[in-house]
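Engineer: Contents are CSV, C-alpha atoms; file name query_18.csv:
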```
chain,number,residue,atom,x,y,z
A,521,MET,CA,131.4,11.3,-82.6
A,522,GLN,CA,130.8,9.2,-85.7
A,523,LEU,CA,127.2,8.3,-86.7
A,524,ILE,CA,126.6,5.3,-88.9
A,525,VAL,CA,123.0,5.1,-90.2
A,526,ALA,CA,121.7,1.6,-91.2
A,527,ASP,CA,118.6,0.8,-93.2
A,528,ASP,CA,116.9,-1.1,-90.4
A,529,ARG,CA,117.4,-2.9,-87.0
A,530,GLU,CA,118.9,-6.0,-88.6
A,531,ALA,CA,121.4,-4.0,-90.6
A,532,ALA,CA,122.4,-2.1,-87.5
A,533,GLY,CA,123.0,-5.3,-85.6
A,534,GLU,CA,125.2,-6.6,-88.4
A,535,LEU,CA,127.3,-3.4,-88.3
A,536,LEU,CA,127.8,-3.7,-84.6
A,537,ALA,CA,128.8,-7.3,-85.1
A,538,ASP,CA,131.3,-6.1,-87.7
A,539,LYS,CA,132.8,-3.6,-85.3
A,540,LEU,CA,133.1,-6.2,-82.5
A,541,ALA,CA,134.7,-8.9,-84.8
A,542,GLU,CA,137.3,-6.4,-86.0
A,543,ALA,CA,138.0,-5.2,-82.4
A,544,ILE,CA,138.6,-8.8,-81.2
A,545,ALA,CA,140.7,-9.7,-84.2
A,546,ASP,CA,142.8,-6.5,-83.6
A,547,ASN,CA,143.2,-7.1,-79.9
A,548,PRO,CA,142.7,-10.8,-78.8
A,549,ARG,CA,142.9,-9.7,-75.1
A,550,LEU,CA,140.2,-7.1,-75.5
A,551,VAL,CA,138.5,-6.0,-72.2
A,552,LEU,CA,134.9,-5.6,-73.3
A,553,GLY,CA,131.9,-4.0,-71.7
A,554,LEU,CA,128.6,-5.4,-72.8
A,555,SER,CA,125.0,-4.3,-72.8
A,556,ALA,CA,122.1,-6.7,-73.1
A,557,GLY,CA,119.5,-4.7,-75.0
A,558,SER,CA,117.5,-6.4,-77.7
A,559,THR,CA,119.6,-5.0,-80.6
A,560,SER,CA,122.8,-5.7,-78.8
A,561,LEU,CA,121.7,-9.3,-78.3
A,562,LEU,CA,120.8,-9.5,-82.0
A,563,ALA,CA,124.4,-8.3,-82.8
A,564,TYR,CA,125.9,-10.9,-80.5
A,565,GLN,CA,124.0,-13.7,-82.3
A,566,ASP,CA,125.4,-12.4,-85.6
A,567,LEU,CA,128.8,-12.4,-84.0
A,568,VAL,CA,128.4,-16.0,-82.9
A,569,HIS,CA,127.5,-17.0,-86.5
A,570,ARG,CA,130.6,-15.3,-87.8
A,571,TRP,CA,132.8,-17.0,-85.3
A,572,HIS,CA,131.4,-20.4,-86.2
A,573,GLU,CA,131.3,-19.9,-90.0
A,574,ARG,CA,134.2,-17.6,-90.8
A,575,GLY,CA,136.6,-17.7,-87.8
A,576,GLY,CA,139.5,-15.2,-87.9
A,577,PHE,CA,139.1,-14.3,-84.3
A,578,SER,CA,138.8,-16.0,-80.9
A,579,PHE,CA,137.2,-15.1,-77.6
A,580,ASN,CA,139.6,-17.3,-75.6
A,581,ASN,CA,141.5,-14.3,-74.1
A,582,VAL,CA,138.7,-11.8,-74.2
A,583,GLU,CA,137.4,-10.6,-70.9
A,584,THR,CA,133.9,-9.1,-70.6
A,585,PHE,CA,132.1,-7.0,-68.0
A,586,SER,CA,128.3,-6.6,-68.2
A,587,CYS,CA,127.0,-3.0,-67.9
A,588,ASP,CA,124.1,-4.0,-65.6
A,589,GLU,CA,122.1,-6.6,-63.8
A,590,TYR,CA,118.7,-6.5,-62.2
A,591,VAL,CA,118.5,-6.6,-58.5
A,592,GLY,CA,116.8,-9.7,-57.0
A,593,LEU,CA,117.4,-12.0,-60.0
A,594,ARG,CA,119.5,-15.1,-59.6
A,595,PRO,CA,122.0,-15.8,-62.4
A,596,GLU,CA,120.0,-18.8,-63.6
A,597,ASP,CA,116.8,-16.8,-63.9
A,598,HIS,CA,116.0,-16.5,-67.6
A,599,ARG,CA,115.3,-12.8,-67.1
A,600,SER,CA,118.7,-12.0,-65.7
A,601,THR,CA,121.5,-10.3,-67.7
A,602,ARG,CA,123.8,-13.2,-66.8
A,603,PHE,CA,121.4,-15.7,-68.4
A,604,MET,CA,120.8,-13.6,-71.5
A,605,LEU,CA,124.5,-13.1,-72.2
A,606,ASN,CA,125.2,-16.8,-71.5
A,607,TYR,CA,122.4,-17.8,-73.8
A,608,HIS,CA,123.0,-15.4,-76.7
A,609,LEU,CA,126.8,-15.3,-76.6
A,610,PHE,CA,129.1,-16.9,-74.0
A,611,ARG,CA,127.9,-20.5,-74.2
A,612,GLN,CA,128.2,-20.4,-78.0
A,613,VAL,CA,131.8,-19.3,-78.4
A,614,ASP,CA,135.2,-20.2,-76.9
A,615,ILE,CA,135.3,-17.7,-74.0
A,616,PRO,CA,136.2,-19.2,-70.6
A,617,ARG,CA,133.4,-18.7,-68.1
A,618,GLU,CA,135.8,-17.1,-65.6
A,619,ASN,CA,136.5,-14.3,-68.2
A,620,THR,CA,132.8,-13.3,-68.2
A,621,HIS,CA,131.8,-10.9,-65.4
A,622,VAL,CA,128.2,-10.0,-64.4
A,623,PRO,CA,127.4,-8.5,-61.0
A,624,ARG,CA,125.2,-10.7,-58.8
A,625,GLY,CA,121.8,-9.1,-58.5
A,626,ASP,CA,120.8,-11.6,-55.8
A,627,THR,CA,123.6,-10.9,-53.4
A,628,ALA,CA,122.9,-10.0,-49.8
A,629,ASP,CA,125.4,-7.1,-49.8
A,630,LEU,CA,124.8,-5.0,-53.0
A,631,GLU,CA,127.2,-2.3,-51.9
A,632,LEU,CA,130.1,-4.7,-51.5
A,633,GLU,CA,129.2,-6.4,-54.8
A,634,CYS,CA,129.4,-3.0,-56.6
A,635,LYS,CA,132.7,-2.0,-55.0
A,636,ALA,CA,134.3,-5.4,-55.9
A,637,TYR,CA,133.1,-5.0,-59.5
A,638,ASP,CA,134.7,-1.6,-59.9
A,639,LEU,CA,137.9,-2.9,-58.4
A,640,LEU,CA,138.0,-5.8,-60.9
A,641,ILE,CA,137.5,-3.5,-63.8
A,642,GLU,CA,140.3,-1.3,-62.5
A,643,ALA,CA,142.6,-4.3,-62.0
A,644,ARG,CA,142.1,-5.1,-65.7
A,645,GLY,CA,143.2,-1.6,-66.6
A,646,GLY,CA,139.7,-0.4,-67.5
A,647,LEU,CA,137.6,-1.2,-70.6
A,648,ASP,CA,139.1,-1.2,-74.1
A,649,LEU,CA,135.6,-1.1,-75.6
A,650,VAL,CA,132.1,-0.8,-74.3
A,651,VAL,CA,128.8,-1.6,-76.1
A,652,LEU,CA,125.8,0.4,-75.0
A,653,GLY,CA,122.1,0.7,-75.9
A,654,LEU,CA,120.2,3.9,-75.7
A,655,GLY,CA,117.2,4.1,-73.4
A,656,HIS,CA,114.0,5.9,-74.3
A,657,ASN,CA,114.7,8.5,-71.6
A,658,GLY,CA,118.4,8.8,-72.6
A,659,HIS,CA,119.8,6.3,-70.1
A,660,VAL,CA,122.9,4.2,-71.0
A,661,GLY,CA,123.8,1.1,-69.1
A,662,LEU,CA,120.8,1.8,-66.9
A,663,ASN,CA,122.5,5.1,-65.7
A,664,GLU,CA,119.2,7.0,-65.4
A,665,PRO,CA,118.8,10.8,-65.8
A,666,GLY,CA,120.6,12.6,-63.1
A,667,SER,CA,123.6,10.2,-63.0
A,668,SER,CA,126.9,11.8,-62.3
A,669,VAL,CA,129.6,11.8,-64.9
A,670,LYS,CA,131.9,10.4,-62.2
A,671,SER,CA,129.5,7.7,-61.0
A,672,ARG,CA,130.8,4.2,-60.3
A,673,THR,CA,129.1,0.8,-60.2
A,674,ARG,CA,126.1,1.1,-57.8
A,675,THR,CA,122.5,0.2,-57.2
A,676,VAL,CA,120.1,2.5,-59.1
A,677,ASP,CA,116.3,3.0,-58.9
A,678,LEU,CA,114.8,2.6,-62.3
A,679,THR,CA,112.5,5.4,-63.4
A,680,PRO,CA,108.8,4.7,-64.1
A,681,SER,CA,109.4,5.2,-67.9
A,682,THR,CA,112.3,2.6,-67.9
A,683,ILE,CA,110.2,0.1,-66.0
A,684,ALA,CA,107.3,0.6,-68.4
A,685,ALA,CA,109.6,0.3,-71.4
A,686,ILE,CA,111.2,-3.0,-70.3
A,687,SER,CA,108.0,-4.5,-68.9
A,688,GLY,CA,106.6,-5.6,-72.2
A,689,GLY,CA,109.7,-7.1,-73.9
A,690,GLU,CA,111.4,-10.4,-74.1
A,691,ARG,CA,112.6,-10.5,-70.5
A,692,PHE,CA,109.7,-9.0,-68.5
A,693,LYS,CA,106.1,-9.6,-69.5
A,694,ASN,CA,104.2,-7.1,-67.2
A,695,LEU,CA,104.8,-4.4,-64.6
A,696,SER,CA,104.4,-6.7,-61.6
A,697,ASP,CA,107.2,-9.0,-63.1
A,698,THR,CA,109.6,-6.1,-63.7
A,699,PRO,CA,112.4,-5.2,-61.1
A,700,SER,CA,112.5,-1.6,-59.8
A,701,GLN,CA,116.2,-1.6,-59.2
A,702,ALA,CA,119.4,-2.6,-61.0
A,703,ILE,CA,123.1,-2.7,-60.6
A,704,ALA,CA,124.6,-0.3,-63.1
A,705,MET,CA,128.2,0.2,-64.2
A,706,GLY,CA,128.8,3.9,-63.6
A,707,LEU,CA,129.4,6.5,-66.2
A,708,GLY,CA,132.9,6.9,-64.8
A,709,PRO,CA,134.2,3.5,-66.1
A,710,ILE,CA,132.1,3.9,-69.3
A,711,LEU,CA,133.6,7.3,-70.1
A,712,ASP,CA,137.1,6.0,-69.2
A,713,ALA,CA,136.8,3.2,-71.8
A,714,LYS,CA,139.1,3.7,-74.8
A,715,ARG,CA,136.2,3.3,-77.2
A,716,VAL,CA,132.4,3.4,-77.0
A,717,LEU,CA,129.9,1.8,-79.4
A,718,LEU,CA,126.3,3.0,-78.9
A,719,ILE,CA,123.4,1.4,-80.8
A,720,ALA,CA,119.8,2.8,-81.2
A,721,THR,CA,117.1,1.4,-83.3
A,722,GLY,CA,113.4,2.0,-83.9
A,723,LEU,CA,111.0,5.0,-83.9
A,724,GLY,CA,110.7,4.7,-80.1
A,725,LYS,CA,114.3,5.9,-79.8
A,726,ALA,CA,114.0,8.8,-82.2
A,727,GLU,CA,113.4,11.5,-79.6
A,728,ALA,CA,116.2,10.2,-77.4
A,729,VAL,CA,118.6,10.3,-80.4
A,730,ARG,CA,117.5,13.8,-81.3
A,731,ARG,CA,118.0,15.0,-77.7
A,732,MET,CA,121.4,13.3,-77.4
A,733,VAL,CA,122.9,15.0,-80.5
A,734,GLU,CA,121.0,18.3,-80.6
A,735,GLY,CA,120.3,19.1,-77.0
A,736,ARG,CA,122.3,20.3,-74.0
A,737,VAL,CA,125.0,18.0,-72.7
A,738,GLY,CA,124.4,17.2,-69.1
A,739,PRO,CA,123.4,14.5,-66.6
A,740,GLY,CA,119.7,15.1,-67.3
A,741,MET,CA,120.4,13.2,-70.6
A,742,PRO,CA,123.1,10.7,-69.7
A,743,ALA,CA,123.6,9.7,-73.4
A,744,SER,CA,124.6,13.2,-74.2
A,745,LEU,CA,127.7,12.8,-71.9
A,746,LEU,CA,129.0,10.2,-74.4
A,747,THR,CA,129.3,12.9,-77.0
A,748,THR,CA,132.3,14.3,-75.1
A,749,HIS,CA,134.1,10.9,-75.5
A,750,PRO,CA,137.1,11.1,-77.9
A,751,ASN,CA,136.2,7.8,-79.6
A,752,LEU,CA,132.4,7.4,-79.8
A,753,THR,CA,130.6,5.6,-82.7
A,754,MET,CA,126.9,5.5,-82.8
A,755,ILE,CA,125.1,3.0,-85.0
A,756,ALA,CA,121.4,3.8,-85.6
A,757,ASP,CA,118.8,2.8,-88.1
A,758,ALA,CA,116.8,5.2,-90.2
A,759,ASP,CA,113.8,5.2,-87.9
A,760,ALA,CA,115.9,6.2,-84.9
A,761,THR,CA,117.4,9.1,-86.7
A,762,ARG,CA,114.2,10.4,-88.1
A,763,GLN,CA,113.9,13.5,-85.9
A,764,VAL,CA,117.5,14.6,-86.3
A,765,ASP,CA,118.1,17.8,-88.3
A,766,ALA,CA,119.1,16.7,-91.8
A,767,ALA,CA,122.2,19.0,-92.0
A,768,LEU,CA,123.4,17.7,-88.6
A,769,LEU,CA,122.8,14.1,-89.7
A,770,ASP,CA,124.9,14.6,-92.8
A,771,ARG,CA,127.7,16.2,-90.8
A,772,LEU,CA,127.8,13.4,-88.2
A,773,SER,CA,127.7,10.6,-90.7
A,774,ALA,CA,130.2,12.2,-93.1
```
Output the file's structure as structure tokens, nothing else.
Structural biologist:
Amino acid sequence: MQLIVADDREAAGELLADKLAEAIADNPRLVLGLSAGSTSLLAYQDLVHRWHERGGFSFNNVETFSCDEYVGLRPEDHRSTRFMLNYHLFRQVDIPRENTHVPRGDTADLELECKAYDLLIEARGGLDLVVLGLGHNGHVGLNEPGSSVKSRTRTVDLTPSTIAAISGGERFKNLSDTPSQAIAMGLGPILDAKRVLLIATGLGKAEAVRRMVEGRVGPGMPASLLTTHPNLTMIADADATRQVDAALLDRLSA
């Protein structure tokens, strides 16, 4: 893996936007997996500004697949992943709506929705690039600890620590407002992606970053499984890397 350390959250978001703009310019038909964490959304806003101000790339033939959606939320719900991606990215660039895929969290048949989502990803030949955030407990794409390396898109029960972490943010204001389940793109299609970009910022992610790069690789720490990927780039700010051994940090960022 390659580790890029930025000074702060804003600089990390800019670096992620750099990587995405370059990837789209290099492959205008990019099949892109997207997370909707706070720093990822910050990067998408930066990407929108670049598209408007500088150009040089187009979303017209890009196809996107969200890494998750919360169960029970309608697409127009301002807390849903569909709404967040529409608001921060899709509606501000030239991507056709039919090229943006987010599973329906409000469907009556969640199992069928998950199977159809996997089949659509497979029909596109898999993901060229996937953007992921790092959870406090090491989850990626809401694949919680214990997720199989071969897991596909499915409904997952969120852990108490994940529910607590997301309950006081931009999307959910308290525990009673926070869903307990989500549809998660499995680790299988994520690890099958040609390229993975992982972003982590803030002191709250420092322990997860340390465990990911220094600890044992296994399903108990889903992010650690990404370190087996042949093309992984992790972008982190100085706070998020504070607990990593200095020698290891130098080696990963060389």
Engineer: Please produce, as a tab-separated table, a per-residue contact table for stretch 538-572 of chain A versus stretch 679-698 of chain A (criterion: any atom at most 12 Å away, all atoms listed in the file considered), showing the nearest atom pair and its distance in Å to one decimal, sorted by chain then residue number.
Structural biologist:
```
residue	atom	partner	partner_atom	distance
A:Ala556	CA	A:Arg691	CA	10.6
A:Gly557	CA	A:Ile686	CA	9.7
A:Ser558	CA	A:Glu690	CA	8.1
A:Thr559	CA	A:Glu690	CA	11.8
A:Leu561	CA	A:Glu690	CA	11.2
```
Engineer: Pick out the closest residue to A:Leu723 from this set: A:Ser555, A:Thr761, A:Ser773, A:Thr747. Count all atoms listed in the file.
Structural biologist: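 Residue with the minimum atom-to-atom distance to A:Leu723: A:Thr761.
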Engineer: Using all atoms listed in the file, pick whichever of A:Pro750, A:Leu593, A:Tyr607, A:Leu562 has the shortest atom-to-atom distance to A:Ala628.
Structural biologist: A:Leu593
Engineer: Report, in Å to a single decimal, how far apart atom CA of A:Thr748 and atom CA of A:Arg771 are.
Structural biologist: 16.5 Å
Engineer: Which of these, A:Asp757, A:Asp770, A:Asp648, A:Glu664, has the shortest distance to A:Leu550 once you count all atoms listed in the file?
Structural biologist: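 Going through A:Asp757, A:Asp770, A:Asp648, A:Glu664 one by one, the smallest distance to A:Leu550 is for A:Asp648.
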Engineer: What is the atom CA of A:Lys539 to atom CA of A:Phe577 distance in Å?
Structural biologist: 12.5 Å
Engineer: Between A:Leu746, A:Val651, A:Leu632, A:Ala704, which one has atoms that come closest to A:Gly553, using all atoms listed in the file?
Structural biologist: A:Val651
Engineer: List every protein, DNA or RNA residue that has an atom no more than 10 Å from (125.1, -5.1, -66.8) in the file's coordinate frame, counting all atoms listed in the file, and report them as a PyMOL selection string.
Structural biologist: chain A and resi 553-557+585-590+600-602+605+621-625+652+661-662+673+702-705
Engineer: Export C-alpha atoms of the chosen residues as a short mmCIF file (atom, residue, chain, number, x, y, z; two decimals), keeping the file's coordinate frame?
Structural biologist:
```
data_model
loop_
_atom_site.label_atom_id
_atom_site.label_comp_id
_atom_site.auth_asym_id
_atom_site.auth_seq_id
_atom_site.Cartn_x
_atom_site.Cartn_y
_atom_site.Cartn_z
CA GLY A 553 131.90 -4.00 -71.70
CA LEU A 554 128.60 -5.40 -72.80
CA SER A 555 125.00 -4.30 -72.80
CA ALA A 556 122.10 -6.70 -73.10
CA GLY A 557 119.50 -4.70 -75.00
CA PHE A 585 132.10 -7.00 -68.00
CA SER A 586 128.30 -6.60 -68.20
CA CYS A 587 127.00 -3.00 -67.90
CA ASP A 588 124.10 -4.00 -65.60
CA GLU A 589 122.10 -6.60 -63.80
CA TYR A 590 118.70 -6.50 -62.20
CA SER A 600 118.70 -12.00 -65.70
CA THR A 601 121.50 -10.30 -67.70
CA ARG A 602 123.80 -13.20 -66.80
CA LEU A 605 124.50 -13.10 -72.20
CA HIS A 621 131.80 -10.90 -65.40
CA VAL A 622 128.20 -10.00 -64.40
CA PRO A 623 127.40 -8.50 -61.00
CA ARG A 624 125.20 -10.70 -58.80
CA GLY A 625 121.80 -9.10 -58.50
CA LEU A 652 125.80 0.40 -75.00
CA GLY A 661 123.80 1.10 -69.10
CA LEU A 662 120.80 1.80 -66.90
CA THR A 673 129.10 0.80 -60.20
CA ALA A 702 119.40 -2.60 -61.00
CA ILE A 703 123.10 -2.70 -60.60
CA ALA A 704 124.60 -0.30 -63.10
CA MET A 705 128.20 0.20 -64.20
#
```
Engineer: Because the input lacks atoms here, generate N, CA and C atoms for stretch 649-666 of chain A and report them as a short mmCIF file (atom, residue, chain, number, x, y, z; two decimals), in the coordinates of the input.
Structural biologist:
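Final output, saved to out_3.cif:
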```
data_model
loop_
_atom_site.label_atom_id
_atom_site.label_comp_id
_atom_site.auth_asym_id
_atom_site.auth_seq_id
_atom_site.Cartn_x
_atom_site.Cartn_y
_atom_site.Cartn_z
N LEU A 649 136.78 -1.37 -74.80
CA LEU A 649 135.60 -1.10 -75.60
C LEU A 649 134.36 -1.38 -74.85
N VAL A 650 133.36 -0.52 -74.94
CA VAL A 650 132.10 -0.80 -74.30
C VAL A 650 130.95 -0.62 -75.27
N VAL A 651 130.03 -1.58 -75.24
CA VAL A 651 128.80 -1.60 -76.10
C VAL A 651 127.65 -1.13 -75.24
N LEU A 652 126.92 -0.14 -75.72
CA LEU A 652 125.80 0.40 -75.00
C LEU A 652 124.56 0.52 -75.86
N GLY A 653 123.40 0.36 -75.24
CA GLY A 653 122.10 0.70 -75.90
C GLY A 653 121.66 2.03 -75.38
N LEU A 654 120.73 2.62 -76.07
CA LEU A 654 120.20 3.90 -75.70
C LEU A 654 118.75 3.74 -75.19
N GLY A 655 118.49 4.17 -73.96
CA GLY A 655 117.20 4.10 -73.40
C GLY A 655 116.24 5.17 -73.92
N HIS A 656 114.93 4.95 -73.79
CA HIS A 656 114.00 5.90 -74.30
C HIS A 656 114.13 7.29 -73.58
N ASN A 657 114.56 7.27 -72.32
CA ASN A 657 114.70 8.50 -71.60
C ASN A 657 116.19 9.00 -71.59
N GLY A 658 117.01 8.38 -72.44
CA GLY A 658 118.40 8.80 -72.60
C GLY A 658 119.36 8.07 -71.66
N HIS A 659 118.88 7.05 -70.94
CA HIS A 659 119.80 6.30 -70.10
C HIS A 659 120.75 5.45 -70.93
N VAL A 660 121.92 5.18 -70.39
CA VAL A 660 122.90 4.20 -71.00
C VAL A 660 123.39 3.33 -69.91
N GLY A 661 123.39 2.03 -70.17
CA GLY A 661 123.80 1.10 -69.10
C GLY A 661 122.99 1.22 -67.88
N LEU A 662 121.73 1.60 -67.99
CA LEU A 662 120.80 1.80 -66.90
C LEU A 662 121.28 2.95 -65.95
N ASN A 663 122.15 3.82 -66.44
CA ASN A 663 122.50 5.10 -65.70
C ASN A 663 121.34 6.05 -66.07
N GLU A 664 120.41 6.19 -65.15
CA GLU A 664 119.20 7.00 -65.40
C GLU A 664 119.51 8.49 -65.36
N PRO A 665 118.60 9.32 -65.87
CA PRO A 665 118.80 10.80 -65.80
C PRO A 665 119.14 11.24 -64.41
N GLY A 666 120.14 12.12 -64.35
CA GLY A 666 120.60 12.60 -63.10
C GLY A 666 121.92 11.91 -62.64
#
```
